[in-house]
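Here's the structure we're looking at; comments come further down.
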Amino acid sequence: MKNPLALIGSLLAQAALWIAAFISVFPFYWMIVGATNTANDITSGKASFGTHLVENTTKFFTTIDAPRVFGNSFLVSILGTILTLAVTSLAGYGFEIFRSRTRDQIFAGLLLLLSIPFAALIVPLFMMFSRAGLMNTYAGIMLPGIAAIFMIFYFRQNTKSFPHELRDAALLDGLKEWQIFLYIYIPVMRSTYAAAMIIVFMTSWNAYLWPLMVVQTNEMKTITLQLASLASAYTPDYGLIMIANVLATLPTVLVFFLLQRRFVEGMLGSVK
Amino acid sequence: MSNAESRRGNLAGWAFIAPAMVLLGLFMVYPIFWSLWMSFQTGKGLNFKFGGLANIIRLTKDPVFQHALSNTMIFLVVQVPVMIVMALLFAVALNNPALKGRAILRTAIFLPCVTSLVAYSVLFKSMFAVDGVVNHTLMALHVISAPIGWMVEPFWAKVLIILAITWRWTGYNMVFYLAALQNIDPSMYEAARIDGVPAWARFTRITIPMLRPVILFTTVLSTIGTLQLFDEVNTITASAGNGGMPADSTLTLSLYIYNLLFKFVPNYGYAATVSWLIVLIVAVLSWIQFQVAKER
């Protein structure tokens, strides 16, 4: 770069990126530090490690039924993710591979549905689910999220990069449509699935508003709900909250780091 | 393709999309029409009667609703553009192969979106306490001389919510742009550079037009998201009062719907009316955004 103006611009861009990165990461540091401090230390801004980690952790595991709460979260998120990926990838594949006028129109209709905010569905869904006896059940928590329109769009878009020759060859070999999907499409598109998995898993792990409405007892609470109720206490115990927060965030952070390479691969995959 | 083959393909096509269509019909299409019907019903609890336009009339006279509406619109108008522009600039800066530490920067800026809305809201609540780490830092840097009452003063409460959402979602949007940038043929930039097109013009003439679909997509998504803002306000500013403290300054439409259902005797009809208003706003805004994207 010979142009001095361009050099300054690039330095500024770098500085901005590093500041943004710092601001992005700081709350994570704050959370970990907070888990080692008392509630008073946290609200008075102590940003260095303290000595209360054991105390906070003990308090967490004695006041909260941790296996139950995390069990609920894992069950709802893993099962929810599998179902969502199955339903939405089938639909995305179906819309792209089997084009017809009617189905194209339906797909356009989905765009309209995509713009319906969940808030608008809360009232009727709440009434439907209470009448159907789905309140306070795992199915009740998972069901409304499975046919995620965003994911149908995502899979259809990515199916455009699925090589048609593979399908044609498989058809000549006498494979049935479902076999092509199961044995060829899924393995070929695994990066696409990995990226989708991250997003869907995190969405269900982190879900709040709908589970808040469906769940009525402590036994059915997910860790996200548990965290929210700890935080809304009249005098929130931040030491306890931070430990809960670390534990609640750990799974999604792990999924993210373990699959990040896949995630990027999946995105780059659409270039080739 | 023979007739039998195309019929087979047609059948398979329906079979593949059927599960999603059934679920969407049950949990989206049916409820949204039910909700429309509900919005013409009045009454508390499960006693409904047809109320005509009573709910709509009530909307025009309800100061709490109007507060919620204006708060939501302020969040929308301030937060979405700031975030989209920042995400775009970060993505373009990160897309430069000469940049050192690209992977670290990308990961760091993307990281906030792994947290749950509740989890990061709790963190922000503790960091922005009056005596908390943010006020301490700002005072040490001489940006402010006295602590800011982030969760006490209506103006700063709004700022806090906007800061929080921006922190959480900028990296998320950035990743969409980064992915789309990878799809732009580098030879386009090469050719422009050889022709002496300056960097800024390359950005506005190549990058922005090429990214237009994904910018539109993320803008629509962010608009819908902001209109539904709930978790953050419910956790950061609402938990001490009955919603949207201080003085309703962060009460949003979704929070108001929630309050109508759970904080008082449930008023399903009126809550449904507020819901439908959100649908209409989303529809109008999405339409405007599509028109703007088409014209440019």
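Naming scheme: A, B, ... for chains in displayed order of the structure tokens; residues 1 onward per chain; ligands 1 onward as shown.
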Check your understanding: Could you list, as a ChimeraX atom specification, every residue of chain A that has an atom within 6 Å of an atom of chain B, counting only C-alpha atoms?
Key -> /A:21,24,43-45,87,90-91,94,98,116,119-120,124,144,147,206,232,245,249,252,267,271
Limited to N, CA, C and O atoms, could you put the picked residues into a file as a PDB file, in the first residue's frame?
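part_17.pdb, written as the output of this step:
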ATOM      1  N   ALA A  21     -13.427  -6.336  19.126  1.00  0.00           N
ATOM      2  CA  ALA A  21     -13.143  -7.684  19.627  1.00  0.00           C
ATOM      3  C   ALA A  21     -13.044  -7.665  21.152  1.00  0.00           C
ATOM      4  O   ALA A  21     -13.579  -8.537  21.838  1.00  0.00           O
ATOM      5  N   SER A  24     -16.412  -7.268  22.604  1.00  0.00           N
ATOM      6  CA  SER A  24     -17.177  -8.501  22.425  1.00  0.00           C
ATOM      7  C   SER A  24     -16.803  -9.558  23.450  1.00  0.00           C
ATOM      8  O   SER A  24     -17.644 -10.329  23.908  1.00  0.00           O
ATOM      9  N   THR A  43     -21.308  -6.147  41.927  1.00  0.00           N
ATOM     10  CA  THR A  43     -22.057  -4.909  41.668  1.00  0.00           C
ATOM     11  C   THR A  43     -21.223  -3.665  41.973  1.00  0.00           C
ATOM     12  O   THR A  43     -21.601  -2.574  41.587  1.00  0.00           O
ATOM     13  N   SER A  44     -20.077  -3.842  42.661  1.00  0.00           N
ATOM     14  CA  SER A  44     -19.236  -2.653  42.852  1.00  0.00           C
ATOM     15  C   SER A  44     -18.075  -2.659  41.850  1.00  0.00           C
ATOM     16  O   SER A  44     -17.102  -1.930  42.009  1.00  0.00           O
ATOM     17  N   GLY A  45     -18.160  -3.510  40.843  1.00  0.00           N
ATOM     18  CA  GLY A  45     -17.268  -3.397  39.693  1.00  0.00           C
ATOM     19  C   GLY A  45     -15.900  -4.047  39.815  1.00  0.00           C
ATOM     20  O   GLY A  45     -14.981  -3.710  39.082  1.00  0.00           O
ATOM     21  N   VAL A  87     -36.878 -31.975   9.605  1.00  0.00           N
ATOM     22  CA  VAL A  87     -38.043 -31.393   8.942  1.00  0.00           C
ATOM     23  C   VAL A  87     -37.644 -30.296   7.945  1.00  0.00           C
ATOM     24  O   VAL A  87     -38.124 -30.263   6.808  1.00  0.00           O
ATOM     25  N   LEU A  90     -35.525 -31.638   4.817  1.00  0.00           N
ATOM     26  CA  LEU A  90     -36.437 -32.311   3.885  1.00  0.00           C
ATOM     27  C   LEU A  90     -37.175 -31.268   3.045  1.00  0.00           C
ATOM     28  O   LEU A  90     -37.250 -31.375   1.824  1.00  0.00           O
ATOM     29  N   ALA A  91     -37.691 -30.246   3.714  1.00  0.00           N
ATOM     30  CA  ALA A  91     -38.481 -29.241   3.011  1.00  0.00           C
ATOM     31  C   ALA A  91     -37.605 -28.426   2.057  1.00  0.00           C
ATOM     32  O   ALA A  91     -37.987 -28.193   0.902  1.00  0.00           O
ATOM     33  N   GLY A  94     -36.835 -30.562  -0.844  1.00  0.00           N
ATOM     34  CA  GLY A  94     -38.047 -30.751  -1.633  1.00  0.00           C
ATOM     35  C   GLY A  94     -38.371 -29.536  -2.495  1.00  0.00           C
ATOM     36  O   GLY A  94     -38.663 -29.667  -3.679  1.00  0.00           O
ATOM     37  N   PHE A  98     -37.570 -30.553  -6.432  1.00  0.00           N
ATOM     38  CA  PHE A  98     -38.833 -30.837  -7.129  1.00  0.00           C
ATOM     39  C   PHE A  98     -39.585 -29.537  -7.345  1.00  0.00           C
ATOM     40  O   PHE A  98     -40.554 -29.238  -6.644  1.00  0.00           O
ATOM     41  N   ILE A 116     -44.022 -12.972  10.048  1.00  0.00           N
ATOM     42  CA  ILE A 116     -44.933 -12.958  11.199  1.00  0.00           C
ATOM     43  C   ILE A 116     -44.112 -13.116  12.471  1.00  0.00           C
ATOM     44  O   ILE A 116     -43.448 -14.127  12.663  1.00  0.00           O
ATOM     45  N   ALA A 119     -44.197 -13.014  18.538  1.00  0.00           N
ATOM     46  CA  ALA A 119     -45.045 -12.327  19.515  1.00  0.00           C
ATOM     47  C   ALA A 119     -46.508 -12.366  19.106  1.00  0.00           C
ATOM     48  O   ALA A 119     -47.400 -12.394  19.953  1.00  0.00           O
ATOM     49  N   ALA A 120     -46.757 -12.398  17.791  1.00  0.00           N
ATOM     50  CA  ALA A 120     -48.131 -12.392  17.314  1.00  0.00           C
ATOM     51  C   ALA A 120     -48.796 -13.745  17.499  1.00  0.00           C
ATOM     52  O   ALA A 120     -50.012 -13.865  17.429  1.00  0.00           O
ATOM     53  N   PRO A 124     -52.643 -17.121  20.699  1.00  0.00           N
ATOM     54  CA  PRO A 124     -53.332 -18.346  20.282  1.00  0.00           C
ATOM     55  C   PRO A 124     -52.553 -19.616  20.629  1.00  0.00           C
ATOM     56  O   PRO A 124     -53.163 -20.612  21.029  1.00  0.00           O
ATOM     57  N   PRO A 144     -43.482 -25.672  18.682  1.00  0.00           N
ATOM     58  CA  PRO A 144     -43.632 -24.517  17.799  1.00  0.00           C
ATOM     59  C   PRO A 144     -42.356 -24.160  17.033  1.00  0.00           C
ATOM     60  O   PRO A 144     -42.425 -23.489  16.005  1.00  0.00           O
ATOM     61  N   ALA A 147     -40.581 -26.428  12.762  1.00  0.00           N
ATOM     62  CA  ALA A 147     -40.620 -26.049  11.339  1.00  0.00           C
ATOM     63  C   ALA A 147     -40.113 -24.622  11.188  1.00  0.00           C
ATOM     64  O   ALA A 147     -40.849 -23.716  10.828  1.00  0.00           O
ATOM     65  N   ASN A 206     -31.097 -21.558  24.125  1.00  0.00           N
ATOM     66  CA  ASN A 206     -31.242 -20.201  24.650  1.00  0.00           C
ATOM     67  C   ASN A 206     -32.680 -19.700  24.699  1.00  0.00           C
ATOM     68  O   ASN A 206     -32.923 -18.593  25.154  1.00  0.00           O
ATOM     69  N   SER A 232     -34.063 -12.477  38.532  1.00  0.00           N
ATOM     70  CA  SER A 232     -35.184 -11.596  38.833  1.00  0.00           C
ATOM     71  C   SER A 232     -35.535 -11.617  40.318  1.00  0.00           C
ATOM     72  O   SER A 232     -36.538 -11.049  40.726  1.00  0.00           O
ATOM     73  N   ASN A 245     -24.526 -18.671  35.060  1.00  0.00           N
ATOM     74  CA  ASN A 245     -24.325 -18.109  33.732  1.00  0.00           C
ATOM     75  C   ASN A 245     -23.194 -18.823  32.991  1.00  0.00           C
ATOM     76  O   ASN A 245     -23.311 -19.159  31.808  1.00  0.00           O
ATOM     77  N   THR A 249     -23.777 -21.028  29.635  1.00  0.00           N
ATOM     78  CA  THR A 249     -23.179 -20.585  28.382  1.00  0.00           C
ATOM     79  C   THR A 249     -22.163 -21.592  27.847  1.00  0.00           C
ATOM     80  O   THR A 249     -21.898 -21.641  26.649  1.00  0.00           O
ATOM     81  N   THR A 252     -23.017 -23.926  24.694  1.00  0.00           N
ATOM     82  CA  THR A 252     -23.089 -23.263  23.391  1.00  0.00           C
ATOM     83  C   THR A 252     -21.707 -22.797  22.953  1.00  0.00           C
ATOM     84  O   THR A 252     -21.375 -22.853  21.773  1.00  0.00           O
ATOM     85  N   MET A 267     -19.736 -22.404   4.980  1.00  0.00           N
ATOM     86  CA  MET A 267     -19.969 -21.135   4.299  1.00  0.00           C
ATOM     87  C   MET A 267     -19.106 -21.036   3.038  1.00  0.00           C
ATOM     88  O   MET A 267     -19.562 -20.581   2.005  1.00  0.00           O
ATOM     89  N   VAL A 271     -19.134 -21.364  -2.172  1.00  0.00           N
ATOM     90  CA  VAL A 271     -18.389 -20.590  -3.183  1.00  0.00           C
ATOM     91  C   VAL A 271     -17.941 -21.497  -4.309  1.00  0.00           C
ATOM     92  O   VAL A 271     -17.963 -21.132  -5.482  1.00  0.00           O
TER      93      VAL A 271
END
Point to revise | Neighbour list for segment 51-66 of chain B as a list in words, cut-off 9 Å, only C-alpha atoms, skip fewer than 3 positions in-chain | key: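 Everything that qualifies: Ser39, Phe40, Gln41, Thr42, Gly43, Phe48, Leu69, Ser70, Asn71, Asp248, Leu251, Thr252, Leu253, Tyr256, Gly269, Tyr270, Thr273 and Val274 of chain B.
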Point to revise | Distance query Ile206 of chain B at most 9 Å, only C-alpha atoms, self and fewer than 2 positions along chain excluded, as a ChimeraX atom specification | key: /B:184,188-189,192,201-204,208-211
Check your understanding: Skipping near chain neighbours, those fewer than 2 positions away, what residues fall within 8 Å of Arg156 of chain A using only C-alpha atoms, listed as number ranges by chain?
Key -> A: 89, 91-93, 95-96, 152-154, 158-160
Just write the chosen residues, C-alpha atoms, as a PDB file, in the first residue's frame.
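This is the output file part_21.pdb:
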ATOM      1  CA  SER A  89     -33.778 -30.033   5.364  1.00  0.00           C
ATOM      2  CA  ALA A  91     -38.481 -29.241   3.011  1.00  0.00           C
ATOM      3  CA  GLY A  92     -35.544 -27.220   1.671  1.00  0.00           C
ATOM      4  CA  TYR A  93     -34.475 -30.168  -0.487  1.00  0.00           C
ATOM      5  CA  PHE A  95     -38.593 -27.147  -2.646  1.00  0.00           C
ATOM      6  CA  GLU A  96     -35.341 -26.951  -4.610  1.00  0.00           C
ATOM      7  CA  ILE A 152     -36.098 -24.137   5.272  1.00  0.00           C
ATOM      8  CA  PHE A 153     -34.778 -21.117   3.364  1.00  0.00           C
ATOM      9  CA  TYR A 154     -31.251 -21.950   4.426  1.00  0.00           C
ATOM     10  CA  ASN A 158     -27.629 -24.538   0.057  1.00  0.00           C
ATOM     11  CA  THR A 159     -29.273 -27.275  -1.983  1.00  0.00           C
ATOM     12  CA  LYS A 160     -28.527 -25.150  -5.055  1.00  0.00           C
TER      13      LYS A 160
END
**Study point:** All strand (DSSP E or B) residues (DSSP, backbone) inside segment 31-140 of chain B, as a ChimeraX atom specification
**Key:** /B:41-42,49-50
Review point. Distance atom CA of Trp156 of chain B-atom CA of Ala140 of chain B, one decimal place?
Key: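 Atom CA of Ala140 of chain B lies 19.4 Å from atom CA of Trp156 of chain B.
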Check your understanding: Could you pull the residues within 8 Å of Trp210 of chain A, counting only C-alpha atoms, minus those fewer than 3 positions along the same chain, as number ranges by chain?
Key -> A: 122, 141, 207, 213-214
Expected file: the selected residues, all heavy atoms, as a CSV table (one decimal), in the first residue's frame:
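Output file out24.csv is given in full below:
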chain,number,residue,atom,x,y,z
A,122,ILE,N,-48.1,-15.8,20.2
A,122,ILE,CA,-48.1,-16.2,21.6
A,122,ILE,C,-49.5,-16.5,22.1
A,122,ILE,O,-49.7,-17.5,22.7
A,122,ILE,CB,-47.5,-15.1,22.4
A,122,ILE,CG1,-46.0,-15.0,22.1
A,122,ILE,CG2,-47.7,-15.3,23.9
A,122,ILE,CD1,-45.4,-13.8,22.8
A,141,ILE,N,-42.7,-27.5,24.8
A,141,ILE,CA,-41.6,-26.6,24.7
A,141,ILE,C,-41.1,-26.6,23.2
A,141,ILE,O,-40.8,-25.6,22.6
A,141,ILE,CB,-40.5,-26.9,25.7
A,141,ILE,CG1,-41.0,-26.8,27.1
A,141,ILE,CG2,-39.3,-26.0,25.5
A,141,ILE,CD1,-39.9,-27.3,28.1
A,207,ALA,N,-33.6,-20.5,24.2
A,207,ALA,CA,-35.0,-20.0,24.1
A,207,ALA,C,-35.5,-19.6,25.5
A,207,ALA,O,-35.2,-20.2,26.5
A,207,ALA,CB,-35.9,-21.1,23.6
A,213,MET,N,-43.5,-19.4,29.0
A,213,MET,CA,-45.0,-19.6,29.1
A,213,MET,C,-45.4,-21.0,29.3
A,213,MET,O,-46.4,-21.2,30.0
A,213,MET,CB,-45.6,-19.1,27.7
A,213,MET,CG,-45.2,-17.7,27.5
A,213,MET,SD,-46.1,-17.1,26.1
A,213,MET,CE,-46.5,-15.5,26.6
A,214,VAL,N,-44.7,-21.9,28.7
A,214,VAL,CA,-45.1,-23.3,28.8
A,214,VAL,C,-44.8,-24.0,30.1
A,214,VAL,O,-45.6,-24.7,30.7
A,214,VAL,CB,-44.5,-24.2,27.6
A,214,VAL,CG1,-44.8,-25.6,27.8
A,214,VAL,CG2,-44.9,-23.6,26.3
Check your understanding: Which parts of segment 143-208 of chain B does DSSP call helix (DSSP H, G or I) when run on the backbone here, written out as number ranges by chain?
Key -> B: 154-182, 186-194, 199-208
Point to revise | Point-to-point distance in Å for atom CA of Ala194 of chain A and atom CA of Leu259 of chain A | key: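 That distance, rounded to one decimal, is 7.1 Å.
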**Study point:** Coordinates-based distance that separates atom CA of Pro211 of chain A from atom CA of Phe256 of chain A (Å, one decimal)
**Key:**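 Value for the atom CA of Phe256 of chain A-atom CA of Pro211 of chain A distance: 23.0 Å.
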